[in-house]
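Below: the structure, in structure tokens.
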Amino acid sequence: MSVDVEDWFQVGAFETVIDRGDWDTLDRRVERNTDAVLDLFTEAGIAATFFTLGWVADRHPALIRRIAAAGHEVASHGWDHRRVFTLSPGEFVADLRRARDALEQAGGRAVTGYRAPSFSIDARTPWAHPILAEEGYAYSSSVAPLAHDHYGWRDAPRFGFRPLSDSALVEVPVTVAEWRGKRVATGGGFFRLLPAKLTDIAVGQSNRAGHPAMFYFHPWEIDPAQPRVAGAPLRSRLRHYSRLGAMRGKLAGLLDRHHWGRVDRAIGL
């Protein structure tokens, strides 16, 4: 079970209409929403991995300490949600280091896991996995093994793999369902919009193949009262705001139907 810790205004859907320079002027809701997620996990009796932006850790260090103190893994989601394929290799290194420093300073724990914003490690970034290995990461969960207009690497392996022959680095793709010959996404907004049964199918397919399933969502997805961004494209608004009110209940059911844990422990670290 994984959570991408970012605020409502930091998502890829709004990156063309909300300037990063304005972030500190907006209503920050990430702390209250993540605390609500922590409560959900406590009620369900599970531990999870929180892939967190360094920007969030820098401004909410007490939240990072609460995540770690509750027995969850703190991992990196980069500094400020810039997609990896928009960065140069040098910029990627700087982003990784800045985020990890903020997370480790706040949480007091070593950070060994990474998730690229918007699953943006793909065929355009052959240098990304070697850099993660050089920077000492044990695993990445940065690949979506499907074709999609927003992200995706259709030719990537569906389950966990080692992308480098000379490194123990593990890539754990987000779980997709195989349905009528196609790969279908199941986490985040797809979980809100599609029947929960599809995610159950994906989890079962992964487990029968001998692999843990990788589910993800965001704290803002359980916050139907969040501000609305009127200037965003219609498709972005539909994806972001649809069925926010249903998410908490659907999550509670998913947590109850399957056995969940932290990413590092699920892959044997």
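Naming works like this for the structure tokens: A, B, ... for the chains as they're shown, residue 1 at the start of each chain, ligands 1 onward in shown order.
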For A:Ile267, work out the shell of residues within 9 Å, counting only C-alpha atoms and skipping chain neighbours fewer than 4 positions away, then give it as a short mmCIF file (atom, residue, chain, number, x, y, z; two decimals) with all heavy atoms, in the first residue's frame.
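Output saved as part-v7.cif:
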data_model
loop_
_atom_site.label_atom_id
_atom_site.label_comp_id
_atom_site.auth_asym_id
_atom_site.auth_seq_id
_atom_site.Cartn_x
_atom_site.Cartn_y
_atom_site.Cartn_z
N TYR A 139 15.15 0.70 -4.06
CA TYR A 139 14.08 0.39 -4.99
C TYR A 139 13.43 1.67 -5.51
O TYR A 139 13.56 2.76 -4.93
CB TYR A 139 13.01 -0.50 -4.33
CG TYR A 139 12.09 0.22 -3.38
CD1 TYR A 139 10.93 0.84 -3.82
CD2 TYR A 139 12.39 0.30 -2.02
CE1 TYR A 139 10.08 1.50 -2.95
CE2 TYR A 139 11.55 0.96 -1.14
CZ TYR A 139 10.40 1.56 -1.61
OH TYR A 139 9.58 2.24 -0.75
N GLY A 160 7.60 -6.60 -10.58
CA GLY A 160 8.89 -6.13 -10.14
C GLY A 160 10.05 -6.72 -10.94
O GLY A 160 10.04 -7.90 -11.28
N VAL A 170 15.73 -2.45 -7.42
CA VAL A 170 14.50 -3.10 -7.87
C VAL A 170 13.51 -2.03 -8.31
O VAL A 170 13.32 -1.01 -7.63
CB VAL A 170 13.87 -3.94 -6.74
CG1 VAL A 170 12.56 -4.56 -7.19
CG2 VAL A 170 14.85 -5.02 -6.27
N VAL A 172 9.54 -1.55 -8.96
CA VAL A 172 8.26 -2.18 -8.65
C VAL A 172 7.15 -1.36 -9.32
O VAL A 172 6.70 -0.36 -8.78
CB VAL A 172 8.02 -2.24 -7.13
CG1 VAL A 172 6.78 -3.09 -6.83
CG2 VAL A 172 9.23 -2.78 -6.39
N HIS A 211 3.62 -12.21 -6.99
CA HIS A 211 4.12 -10.86 -6.75
C HIS A 211 3.15 -10.09 -5.86
O HIS A 211 1.93 -10.28 -5.93
CB HIS A 211 4.28 -10.10 -8.07
CG HIS A 211 5.27 -10.72 -9.01
ND1 HIS A 211 6.62 -10.46 -8.95
CD2 HIS A 211 5.09 -11.60 -10.02
CE1 HIS A 211 7.23 -11.14 -9.90
NE2 HIS A 211 6.33 -11.85 -10.55
N PRO A 212 3.69 -9.18 -5.02
CA PRO A 212 2.79 -8.29 -4.28
C PRO A 212 2.19 -7.26 -5.22
O PRO A 212 2.80 -6.86 -6.21
CB PRO A 212 3.73 -7.61 -3.27
CG PRO A 212 5.08 -7.65 -3.91
CD PRO A 212 5.11 -8.93 -4.71
N ARG A 262 4.12 -2.33 3.98
CA ARG A 262 5.09 -1.37 3.45
C ARG A 262 5.80 -1.95 2.22
O ARG A 262 6.01 -3.16 2.12
CB ARG A 262 6.14 -1.07 4.51
CG ARG A 262 5.62 -0.36 5.72
CD ARG A 262 6.57 -0.37 6.91
NE ARG A 262 7.98 -0.16 6.59
CZ ARG A 262 8.83 0.51 7.34
NH1 ARG A 262 8.41 1.07 8.48
NH2 ARG A 262 10.08 0.63 7.01
N VAL A 263 6.20 -1.07 1.31
CA VAL A 263 6.87 -1.54 0.11
C VAL A 263 8.20 -2.21 0.43
O VAL A 263 8.52 -3.29 -0.09
CB VAL A 263 7.09 -0.39 -0.89
CG1 VAL A 263 7.84 -0.88 -2.13
CG2 VAL A 263 5.75 0.23 -1.29
#
Polymer residues at most 12 Å from stretch 89-99 of chain A, only C-alpha atoms, same-chain spacing of 2 or more positions, as a ChimeraX atom specification: /A:51-58,74-87,101-106,111-117,120-121,124-137
Would you pick out the contacts of A:Asp200 at 12 Å or less, using only C-alpha atoms, so that residues sharing its chain but fewer than 2 positions from it are not included, and give the list as a ChimeraX atom specification? /A:175-178,186-187,191,194-198,202-207,213-215,250-251,253-259
Step one, run DSSP on the backbone; step two, keep only residues of stretch 144-233 of chain A assigned to helix (DSSP H, G or I); then write them as an MDAnalysis selection string. chainID A and resid 188:193 196:208 219:222
As a PyMOL selection string, please: all residues of stretch 60-269 of chain A that backbone DSSP puts in strand (DSSP E or B). chain A and resi 73-76+113-114+139-140+161+170-171+176-179+182-185+216-217
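Close contacts of A:Asp35, defined as residues with an atom at most 12 Å away when counting only C-alpha atoms, with chain neighbours fewer than 5 positions off set aside, comprise Val3, Val5, Arg29, Val30, Leu40, Phe41, Thr42, Phe50, His60, Ala62, Leu63, Ile64, Arg65, Arg66, Ile67, Ala70, Pro219, Trp220, Ile222 and Asp223 of chain A.
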With only C-alpha atoms as the atoms that count, which of A:Trp8, A:Ala138, A:Glu221, A:Leu269 lies nearest to A:Ala168? A:Ala138
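Pairwise distance (atom CA of A:His72, atom CA of A:Met247) equals 21.2 Å.
Coordinates place atom CA of A:Val143 at a distance of 7.6 Å from atom CA of A:Ala156.
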